[in-house]
Amino acid sequence: MNAKNKINYLLKRKIVILDGAMGTELYKRGMPEKAVPEEWCLEHPGILKEIHSAYKNAGSDIIYAATFGANRIKLRGRNIKNVKQINRDLCLLAKESAGSNCLVAGDIGGLGVFIEPFGKLSFEEAVDIFKEQISAQIDGGADLFVIETMIDIQEARAALIAVKELCDKFTIVTMTYEAGGRTLNGTTPEAALITLQSLGADCVGANCSTGPEDMLKIARKLKPYATVPLAVKPNAGMPKLVSNQAYFSMKPKEFGAFAKDFAAAGVNMLGGCCGTTPQHIYEAKVKLTGKKPVKPFRKTISALSSARSFLFLENQKDVLIAGESINPTGRPHLQQELKKGKTALIGQLAGEQKQNNADLLDVNVGVPEANEERLMIDAISLLSRLSDLPLAIDSSSIKVIEKALRFYPGRALINSISGEEAKLKPLLNLAKKYGAMFIVLPIAGRAIPKTIAERKNIIKNILKEAKKTGLSVKDLIVDCLVLTVSSRPTAALDVLKTISWCRKDLKAYTIAGLSNISFGLPRRDIINTTFLNMAKKSGLSLAIANPLQKKKLIDRRAKDLLLNKKGAAAKFILHYSGSADKRIKYEPDKKLSLEEKIKMAVVEGSKDSIASLIHTALKAGKNPLSLMQDILVPAIMDVGKLFEKKEYFLPQLIASAESMKRGTEVLVPFIKKEKPEEKKAIIILATVEGDIHDIGKNIVALLLDNYGFKIIDLGKDISAQKIIAAAKKHKPSIVGLSALMTTTMVNMKKVIDLAHKERLKCKFMVGGAVVTKSFADSISASYAKDAIAAVHIAKELSVI
């Protein structure tokens, strides 16, 4: 029996026991704070094997190899062995300890940087970096893989794709969630689950950042949507500072007492993270003896996800609306923008549709003489940062769809897959590989089917081929092929009959493009809304429509027309042909002043348009200082308020800050000509010694810079001596310290103690995933829970 089969066998019979913390156990056994854990483990193989063996003896069915940070980026610049050799040798040491009755998971941690579309590292480079690590772990005998402590869903996707493209080994993916129930990047547990299980993860869950009580809440949220087993590894509570060391106060028996609750919540794999020991794992195992696992409640799920949210199709009370506006057909202005390679208008259209209650966004960027592949990736990048709505990838090109599905940080909807032989199987294979849902278009050749029977046969054939690929009826949505009643009087009736058949016989979801029904007729808005409500009564699931026209009305004349009643067409035209067409049209920027456009560019994070807008304003005689003080600064303050209210998340915050920065770069030279530069309050930022994580610190630096502070960023892994030396040199008002690990946050106290010893007058603020207010208070520092909080604290502690 291979390892994957063995794991699946165990999951049917018991709750699988994972191991506990590695880092805190290594520090207990003498690993220095500045050591590279992977290198130190290879230099002290006896200690590493002792820890592995202790977890195995405590009852762990699976132990994690000590390869968490053994990737090219985290190890870059250090005088250590080849990355591949490190990964292989650490897996071999774990295998020696595991023996024949315990399995070894190759452990994949984060890269420490954001990747596209949320950062600068390219998605494909991230996949390659993970492949380098994974291939070496395969050589070292890893039985399975665990991708853990992920804060970015796109990074988790990159790692999972890397595993799946190299092997078919069992793969666990666990994200880490903040106190508010989302990842640092704003992803909800449900969205992460839907994305990862559809992409091929064999088990999904959570680890680190919180203790058992809060992680239990996450597990309960996940179980109703899970098609795969769930895994959790909570910390032994939250850390406290005791004698300059991070201390986890939850005792083994207290930790173990939560095991039965996790079992009842449907958790299938249970272990521990920071602060847990072999004794913690033993106590959990004892409590789970004889407990039968709760298998996933469902085998399939009809749901879409974005980087931050999800859309569950089941049990919806109303027709869901797929916003149709991001499509150049019939929109000359959008065509012109796309031909120039610009996507700013896409962001505006997305925002408009979101405000009018669209449930997802259909994205079509196909225009002649333009690079559709590049435009689609640019559009996905923009929308992933600005919007939380799931996307439908609308293209006739297999290559464009493939690129989009690979890059999209969620579970997408393909629009569409027809019965065309040349495209059917390749597109179904893509849907399977990337876990996408897809729209079935009942066309098999060039001709549109003339009868309902023809439509049904095509739909049945596509479903048959989909099942061969491993997909199910829950993965598809049938397009009911809306034609215009002006040329085909039975068009509406054909659609209504198709909807009813799909709902009752196939148990399939349906979708319809509303606008086709009214082509060539007056008052199309009335026809469209009437048809929408008639289709809803027949069981329509989704409509591709303008969300601004989602009205709950049925016009009697339009209804008669759609039902093909005798004389109805003539009566409708006679009644409405003289009236103005009241359709809602999107006319970009029609009502916005130039100043309002600049402000919206900041709020919406449109860094591609803000520079040209400001240049236009300057040419029109606008005062540069006024543009800065009265437009840009209030705009970024509004963004901060949205972030605080959890209406914006990290991607939008970063996008707005970058847009603000670009606008500021344009204005500063003009402002200097009119007004001497004012003295700015200085803030020094640094990630403390031993910690190489600086994503959070970099975001804080970007925001503080936008708010007018002079930032001196010392970087990461900075000793207390270097920080104090910089403070003496630059005389800052504030020193900001960051740490992501419990083992390094104690170095914050060392910096502050040294500052007091040197009698420095600067103030301190601290932050990071593991830092708490009580810890900050204990070291006489202000606590910044996030980047916006850091701005508020900086304003309070200094005067610009």
# chains A, B, ... in the order shown; residues from 1 in each chain; ligands from 1
$ residues_around --residues "Ala392 in chain A" --least-positions-apart "4" --cutoff "6 Å" --atoms "only C-alpha atoms" --output "list in words"
Asp362, Val363, Ala412, Leu413 and Ile414 of chain A
$ closest_atom_pairs --of "range 264-373 of chain A" --to "range 9-22 of chain A" --cutoff "12 Å" --atoms "only C-alpha atoms" --output "JSON lines"
{"residue": "A:Ala264", "atom": "CA", "partner": "A:Ile15", "partner_atom": "CA", "distance": 10.9}
{"residue": "A:Ala265", "atom": "CA", "partner": "A:Ile15", "partner_atom": "CA", "distance": 11.9}
{"residue": "A:Gly266", "atom": "CA", "partner": "A:Ile15", "partner_atom": "CA", "distance": 9.4}
{"residue": "A:Val267", "atom": "CA", "partner": "A:Ile15", "partner_atom": "CA", "distance": 7.5}
{"residue": "A:Asn268", "atom": "CA", "partner": "A:Ile15", "partner_atom": "CA", "distance": 4.9}
{"residue": "A:Met269", "atom": "CA", "partner": "A:Val16", "partner_atom": "CA", "distance": 4.6}
{"residue": "A:Leu270", "atom": "CA", "partner": "A:Ile17", "partner_atom": "CA", "distance": 5.2}
{"residue": "A:Gly271", "atom": "CA", "partner": "A:Leu18", "partner_atom": "CA", "distance": 4.3}
{"residue": "A:Gly272", "atom": "CA", "partner": "A:Gly20", "partner_atom": "CA", "distance": 4.1}
{"residue": "A:Cys273", "atom": "CA", "partner": "A:Ala21", "partner_atom": "CA", "distance": 4.6}
{"residue": "A:Cys274", "atom": "CA", "partner": "A:Ala21", "partner_atom": "CA", "distance": 5.1}
{"residue": "A:Gly275", "atom": "CA", "partner": "A:Ala21", "partner_atom": "CA", "distance": 6.2}
{"residue": "A:Thr276", "atom": "CA", "partner": "A:Ala21", "partner_atom": "CA", "distance": 5.3}
{"residue": "A:Thr277", "atom": "CA", "partner": "A:Gly20", "partner_atom": "CA", "distance": 5.8}
{"residue": "A:Pro278", "atom": "CA", "partner": "A:Gly20", "partner_atom": "CA", "distance": 6.6}
{"residue": "A:Gln279", "atom": "CA", "partner": "A:Gly20", "partner_atom": "CA", "distance": 9.3}
{"residue": "A:His280", "atom": "CA", "partner": "A:Gly20", "partner_atom": "CA", "distance": 7.7}
{"residue": "A:Ile281", "atom": "CA", "partner": "A:Gly20", "partner_atom": "CA", "distance": 6.5}
{"residue": "A:Tyr282", "atom": "CA", "partner": "A:Ile17", "partner_atom": "CA", "distance": 9.3}
{"residue": "A:Glu283", "atom": "CA", "partner": "A:Ile17", "partner_atom": "CA", "distance": 11.0}
{"residue": "A:Ala284", "atom": "CA", "partner": "A:Ile17", "partner_atom": "CA", "distance": 8.4}
{"residue": "A:Lys285", "atom": "CA", "partner": "A:Ile17", "partner_atom": "CA", "distance": 6.8}
{"residue": "A:Val286", "atom": "CA", "partner": "A:Ile17", "partner_atom": "CA", "distance": 10.6}
{"residue": "A:Lys287", "atom": "CA", "partner": "A:Ile15", "partner_atom": "CA", "distance": 10.8}
{"residue": "A:Leu288", "atom": "CA", "partner": "A:Ile15", "partner_atom": "CA", "distance": 7.2}
{"residue": "A:Thr289", "atom": "CA", "partner": "A:Lys14", "partner_atom": "CA", "distance": 8.5}
{"residue": "A:Gly290", "atom": "CA", "partner": "A:Lys14", "partner_atom": "CA", "distance": 7.7}
{"residue": "A:Lys291", "atom": "CA", "partner": "A:Lys14", "partner_atom": "CA", "distance": 6.8}
{"residue": "A:Lys292", "atom": "CA", "partner": "A:Lys14", "partner_atom": "CA", "distance": 5.5}
{"residue": "A:Pro293", "atom": "CA", "partner": "A:Lys14", "partner_atom": "CA", "distance": 5.4}
{"residue": "A:Val294", "atom": "CA", "partner": "A:Ile15", "partner_atom": "CA", "distance": 8.6}
{"residue": "A:Lys295", "atom": "CA", "partner": "A:Lys12", "partner_atom": "CA", "distance": 7.5}
{"residue": "A:Pro296", "atom": "CA", "partner": "A:Lys12", "partner_atom": "CA", "distance": 10.7}
$ residues_around --residues "Pro117 in chain A" --least-positions-apart "4" --cutoff "10 Å" --atoms "only C-alpha atoms" --output "VMD selection string"
chain A and resid 121 to 123 154 377 to 378 380 to 385 407 to 409 651
$ residues_around --residues "range 781-793 of chain A" --least-positions-apart "5" --cutoff "8 Å" --atoms "only C-alpha atoms" --output "PyMOL selection string"
chain A and resi 640+643-644+696+699-700+703-704+707+763-768+772-773+776
$ write_last_selection --atoms "N, CA and C atoms" --output "compact mmCIF listing (two decimals), in the first residue's frame"
# COMPACT_ATOMS: atom_id res chain seq x y z
N GLY A 640 -7.89 54.50 4.55
CA GLY A 640 -7.60 54.00 5.89
C GLY A 640 -8.86 53.69 6.68
N PHE A 643 -10.33 50.48 5.46
CA PHE A 643 -9.56 49.35 5.98
C PHE A 643 -9.94 49.05 7.42
N GLU A 644 -10.09 50.09 8.21
CA GLU A 644 -10.44 49.90 9.61
C GLU A 644 -11.82 49.26 9.76
N GLY A 696 5.00 42.77 6.40
CA GLY A 696 4.21 43.72 7.19
C GLY A 696 4.92 45.04 7.37
N ILE A 699 4.77 47.21 4.28
CA ILE A 699 3.46 47.84 4.08
C ILE A 699 3.34 49.06 5.00
N VAL A 700 3.77 48.92 6.24
CA VAL A 700 3.75 50.04 7.18
C VAL A 700 4.59 51.19 6.63
N LEU A 703 2.71 53.05 3.84
CA LEU A 703 1.62 53.89 4.35
C LEU A 703 2.15 55.12 5.07
N LEU A 704 3.15 54.95 5.93
CA LEU A 704 3.69 56.09 6.67
C LEU A 704 4.31 57.11 5.73
N TYR A 707 1.73 59.28 4.32
CA TYR A 707 1.18 60.22 5.29
C TYR A 707 2.18 61.31 5.69
N LYS A 763 10.40 57.22 20.85
CA LYS A 763 9.35 56.32 21.31
C LYS A 763 9.31 55.08 20.41
N PHE A 764 8.67 54.04 20.91
CA PHE A 764 8.66 52.77 20.18
C PHE A 764 7.23 52.30 19.91
N MET A 765 7.05 51.75 18.71
CA MET A 765 5.81 51.01 18.44
C MET A 765 6.21 49.66 17.85
N VAL A 766 5.42 48.63 18.17
CA VAL A 766 5.75 47.27 17.76
C VAL A 766 4.54 46.63 17.10
N GLY A 767 4.80 45.67 16.24
CA GLY A 767 3.71 44.95 15.57
C GLY A 767 4.23 43.68 14.93
N GLY A 768 3.30 42.88 14.43
CA GLY A 768 3.64 41.60 13.82
C GLY A 768 2.61 40.56 14.21
N THR A 772 1.16 40.99 20.68
CA THR A 772 -0.12 41.36 21.28
C THR A 772 0.02 42.68 22.03
N LYS A 773 -1.11 43.27 22.38
CA LYS A 773 -1.08 44.52 23.14
C LYS A 773 -0.46 44.32 24.52
N ALA A 776 3.21 44.29 24.11
CA ALA A 776 3.71 45.65 23.85
C ALA A 776 3.73 46.47 25.14
$ closest_residue --among "A:Thr687, A:Lys433, A:Asn461, A:Ala404" --to "Ile417 in chain A" --atoms "only C-alpha atoms"
A:Asn461
$ closest_atom_pairs --of "range 92-184 of chain A" --to "range 654-666 of chain A" --cutoff "12 Å" --atoms "only C-alpha atoms" --output "Markdown table"
| residue | atom | partner | partner_atom | distance |
| --- | --- | --- | --- | --- |
| A:Phe114 | CA | A:Ile654 | CA | 11.4 |
| A:Pro117 | CA | A:Ala655 | CA | 10.5 |
| A:Phe118 | CA | A:Ile654 | CA | 8.4 |
| A:Gly119 | CA | A:Ile654 | CA | 9.4 |
$ atom_distance --atom1 "CA of Ile448 in chain A" --atom2 "CA of Thr510 in chain A"
18.2 Å
$ closest_residue --among "A:Leu642, A:Ala794, A:Thr174, A:Thr24" --to "Ala701 in chain A" --atoms "only C-alpha atoms"
A:Ala794
$ select_by_dssp --residues "range 585-790 of chain A" --states "helix (DSSP H, G or I)" --output "number ranges by chain"
A: 594-603, 607-619, 624-644, 650-674, 695-706, 720-730, 746-757, 773-778, 787-790
$ select_by_dssp --residues "range 346-486 of chain A" --states "strand (DSSP E or B)" --output "PyMOL selection string"
chain A and resi 360-363+391-394+413-418+437-441+476-479
$ write_last_selection --atoms "C-alpha atoms" --output "PDB file, in the first residue's frame"
ATOM      1  CA  LEU A 360     -19.757  37.903  -9.784  1.00  0.00           C
ATOM      2  CA  LEU A 361     -18.048  39.603 -12.708  1.00  0.00           C
ATOM      3  CA  ASP A 362     -17.823  38.313 -16.267  1.00  0.00           C
ATOM      4  CA  VAL A 363     -14.474  39.410 -17.732  1.00  0.00           C
ATOM      5  CA  LEU A 391     -14.671  36.107 -11.802  1.00  0.00           C
ATOM      6  CA  ALA A 392     -15.991  34.380 -14.903  1.00  0.00           C
ATOM      7  CA  ILE A 393     -13.233  34.057 -17.517  1.00  0.00           C
ATOM      8  CA  ASP A 394     -14.923  34.886 -20.824  1.00  0.00           C
ATOM      9  CA  LEU A 413     -15.994  30.136 -13.802  1.00  0.00           C
ATOM     10  CA  ILE A 414     -15.128  29.363 -17.441  1.00  0.00           C
ATOM     11  CA  ASN A 415     -17.404  31.105 -19.937  1.00  0.00           C
ATOM     12  CA  SER A 416     -17.850  28.801 -21.763  1.00  0.00           C
ATOM     13  CA  ILE A 417     -17.404  25.192 -22.999  1.00  0.00           C
ATOM     14  CA  SER A 418     -19.424  24.157 -26.052  1.00  0.00           C
ATOM     15  CA  MET A 437     -16.592  25.575 -12.675  1.00  0.00           C
ATOM     16  CA  PHE A 438     -17.737  26.047 -16.261  1.00  0.00           C
ATOM     17  CA  ILE A 439     -20.685  27.200 -18.346  1.00  0.00           C
ATOM     18  CA  VAL A 440     -22.055  24.653 -20.819  1.00  0.00           C
ATOM     19  CA  LEU A 441     -22.951  26.270 -24.144  1.00  0.00           C
ATOM     20  CA  LEU A 476     -21.252  23.116 -14.436  1.00  0.00           C
ATOM     21  CA  ILE A 477     -23.875  25.740 -15.206  1.00  0.00           C
ATOM     22  CA  VAL A 478     -25.970  25.371 -18.359  1.00  0.00           C
ATOM     23  CA  ASP A 479     -26.284  28.383 -20.664  1.00  0.00           C
TER      24      ASP A 479
END
$ decode --residues "range 188-213 of chain A" --atoms "N, CA, C and O atoms" --output "PDB file, in the first residue's frame"
ATOM      1  N   THR A 188     -11.068  34.719   3.585  1.00  0.00           N
ATOM      2  CA  THR A 188     -11.875  34.028   4.582  1.00  0.00           C
ATOM      3  C   THR A 188     -11.544  32.538   4.571  1.00  0.00           C
ATOM      4  O   THR A 188     -11.091  31.997   3.551  1.00  0.00           O
ATOM      5  N   PRO A 189     -11.775  31.817   5.665  1.00  0.00           N
ATOM      6  CA  PRO A 189     -11.526  30.372   5.675  1.00  0.00           C
ATOM      7  C   PRO A 189     -12.304  29.632   4.593  1.00  0.00           C
ATOM      8  O   PRO A 189     -11.774  28.724   3.940  1.00  0.00           O
ATOM      9  N   GLU A 190     -13.574  30.029   4.374  1.00  0.00           N
ATOM     10  CA  GLU A 190     -14.395  29.342   3.379  1.00  0.00           C
ATOM     11  C   GLU A 190     -13.839  29.553   1.962  1.00  0.00           C
ATOM     12  O   GLU A 190     -13.810  28.620   1.156  1.00  0.00           O
ATOM     13  N   ALA A 191     -13.410  30.788   1.664  1.00  0.00           N
ATOM     14  CA  ALA A 191     -12.859  31.075   0.335  1.00  0.00           C
ATOM     15  C   ALA A 191     -11.592  30.263   0.089  1.00  0.00           C
ATOM     16  O   ALA A 191     -11.396  29.705  -0.994  1.00  0.00           O
ATOM     17  N   ALA A 192     -10.723  30.203   1.102  1.00  0.00           N
ATOM     18  CA  ALA A 192      -9.487  29.422   0.965  1.00  0.00           C
ATOM     19  C   ALA A 192      -9.797  27.951   0.742  1.00  0.00           C
ATOM     20  O   ALA A 192      -9.199  27.288  -0.122  1.00  0.00           O
ATOM     21  N   LEU A 193     -10.737  27.427   1.509  1.00  0.00           N
ATOM     22  CA  LEU A 193     -11.116  26.016   1.369  1.00  0.00           C
ATOM     23  C   LEU A 193     -11.621  25.713  -0.029  1.00  0.00           C
ATOM     24  O   LEU A 193     -11.177  24.744  -0.669  1.00  0.00           O
ATOM     25  N   ILE A 194     -12.552  26.536  -0.531  1.00  0.00           N
ATOM     26  CA  ILE A 194     -13.129  26.297  -1.853  1.00  0.00           C
ATOM     27  C   ILE A 194     -12.055  26.374  -2.932  1.00  0.00           C
ATOM     28  O   ILE A 194     -12.014  25.549  -3.854  1.00  0.00           O
ATOM     29  N   THR A 195     -11.164  27.331  -2.817  1.00  0.00           N
ATOM     30  CA  THR A 195     -10.079  27.467  -3.796  1.00  0.00           C
ATOM     31  C   THR A 195      -9.143  26.260  -3.769  1.00  0.00           C
ATOM     32  O   THR A 195      -8.822  25.685  -4.817  1.00  0.00           O
ATOM     33  N   LEU A 196      -8.711  25.866  -2.589  1.00  0.00           N
ATOM     34  CA  LEU A 196      -7.669  24.837  -2.465  1.00  0.00           C
ATOM     35  C   LEU A 196      -8.185  23.432  -2.730  1.00  0.00           C
ATOM     36  O   LEU A 196      -7.518  22.638  -3.393  1.00  0.00           O
ATOM     37  N   GLN A 197      -9.376  23.107  -2.234  1.00  0.00           N
ATOM     38  CA  GLN A 197      -9.877  21.758  -2.476  1.00  0.00           C
ATOM     39  C   GLN A 197     -10.220  21.559  -3.953  1.00  0.00           C
ATOM     40  O   GLN A 197     -10.010  20.474  -4.504  1.00  0.00           O
ATOM     41  N   SER A 198     -10.678  22.620  -4.616  1.00  0.00           N
ATOM     42  CA  SER A 198     -10.975  22.504  -6.046  1.00  0.00           C
ATOM     43  C   SER A 198      -9.697  22.376  -6.865  1.00  0.00           C
ATOM     44  O   SER A 198      -9.690  21.753  -7.930  1.00  0.00           O
ATOM     45  N   LEU A 199      -8.613  22.947  -6.366  1.00  0.00           N
ATOM     46  CA  LEU A 199      -7.324  22.885  -7.065  1.00  0.00           C
ATOM     47  C   LEU A 199      -6.614  21.552  -6.844  1.00  0.00           C
ATOM     48  O   LEU A 199      -5.606  21.278  -7.483  1.00  0.00           O
ATOM     49  N   GLY A 200      -7.112  20.729  -5.944  1.00  0.00           N
ATOM     50  CA  GLY A 200      -6.536  19.391  -5.792  1.00  0.00           C
ATOM     51  C   GLY A 200      -5.917  19.085  -4.450  1.00  0.00           C
ATOM     52  O   GLY A 200      -5.298  18.033  -4.292  1.00  0.00           O
ATOM     53  N   ALA A 201      -6.070  19.978  -3.460  1.00  0.00           N
ATOM     54  CA  ALA A 201      -5.565  19.660  -2.114  1.00  0.00           C
ATOM     55  C   ALA A 201      -6.345  18.467  -1.567  1.00  0.00           C
ATOM     56  O   ALA A 201      -7.560  18.386  -1.715  1.00  0.00           O
ATOM     57  N   ASP A 202      -5.637  17.536  -0.930  1.00  0.00           N
ATOM     58  CA  ASP A 202      -6.281  16.351  -0.374  1.00  0.00           C
ATOM     59  C   ASP A 202      -6.828  16.607   1.026  1.00  0.00           C
ATOM     60  O   ASP A 202      -7.645  15.831   1.528  1.00  0.00           O
ATOM     61  N   CYS A 203      -6.361  17.665   1.662  1.00  0.00           N
ATOM     62  CA  CYS A 203      -6.789  18.007   3.010  1.00  0.00           C
ATOM     63  C   CYS A 203      -6.511  19.501   3.194  1.00  0.00           C
ATOM     64  O   CYS A 203      -5.475  19.997   2.746  1.00  0.00           O
ATOM     65  N   VAL A 204      -7.430  20.229   3.821  1.00  0.00           N
ATOM     66  CA  VAL A 204      -7.292  21.673   3.972  1.00  0.00           C
ATOM     67  C   VAL A 204      -7.601  22.040   5.423  1.00  0.00           C
ATOM     68  O   VAL A 204      -8.369  21.357   6.096  1.00  0.00           O
ATOM     69  N   GLY A 205      -7.007  23.128   5.903  1.00  0.00           N
ATOM     70  CA  GLY A 205      -7.297  23.533   7.265  1.00  0.00           C
ATOM     71  C   GLY A 205      -6.555  24.774   7.696  1.00  0.00           C
ATOM     72  O   GLY A 205      -6.300  25.678   6.890  1.00  0.00           O
ATOM     73  N   ALA A 206      -6.158  24.795   8.976  1.00  0.00           N
ATOM     74  CA  ALA A 206      -5.535  25.983   9.558  1.00  0.00           C
ATOM     75  C   ALA A 206      -4.455  25.580  10.545  1.00  0.00           C
ATOM     76  O   ALA A 206      -4.510  24.502  11.145  1.00  0.00           O
ATOM     77  N   ASN A 207      -3.459  26.446  10.697  1.00  0.00           N
ATOM     78  CA  ASN A 207      -2.441  26.239  11.723  1.00  0.00           C
ATOM     79  C   ASN A 207      -1.905  27.587  12.178  1.00  0.00           C
ATOM     80  O   ASN A 207      -2.029  28.597  11.487  1.00  0.00           O
ATOM     81  N   CYS A 208      -1.324  27.602  13.377  1.00  0.00           N
ATOM     82  CA  CYS A 208      -0.630  28.753  13.947  1.00  0.00           C
ATOM     83  C   CYS A 208      -1.556  29.949  14.192  1.00  0.00           C
ATOM     84  O   CYS A 208      -2.754  29.891  13.974  1.00  0.00           O
ATOM     85  N   SER A 209      -0.976  31.017  14.732  1.00  0.00           N
ATOM     86  CA  SER A 209      -1.620  32.315  14.986  1.00  0.00           C
ATOM     87  C   SER A 209      -2.641  32.331  16.107  1.00  0.00           C
ATOM     88  O   SER A 209      -2.956  33.388  16.638  1.00  0.00           O
ATOM     89  N   THR A 210      -3.206  31.187  16.452  1.00  0.00           N
ATOM     90  CA  THR A 210      -4.242  31.196  17.482  1.00  0.00           C
ATOM     91  C   THR A 210      -4.242  29.887  18.256  1.00  0.00           C
ATOM     92  O   THR A 210      -3.649  28.890  17.823  1.00  0.00           O
ATOM     93  N   GLY A 211      -4.903  29.903  19.392  1.00  0.00           N
ATOM     94  CA  GLY A 211      -5.019  28.706  20.216  1.00  0.00           C
ATOM     95  C   GLY A 211      -6.201  27.849  19.811  1.00  0.00           C
ATOM     96  O   GLY A 211      -6.928  28.164  18.865  1.00  0.00           O
ATOM     97  N   PRO A 212      -6.451  26.746  20.538  1.00  0.00           N
ATOM     98  CA  PRO A 212      -7.507  25.801  20.170  1.00  0.00           C
ATOM     99  C   PRO A 212      -8.905  26.417  20.116  1.00  0.00           C
ATOM    100  O   PRO A 212      -9.701  26.079  19.239  1.00  0.00           O
ATOM    101  N   GLU A 213      -9.210  27.309  21.044  1.00  0.00           N
ATOM    102  CA  GLU A 213     -10.576  27.840  21.127  1.00  0.00           C
ATOM    103  C   GLU A 213     -10.972  28.571  19.849  1.00  0.00           C
ATOM    104  O   GLU A 213     -12.044  28.341  19.281  1.00  0.00           O
TER     105      GLU A 213
END
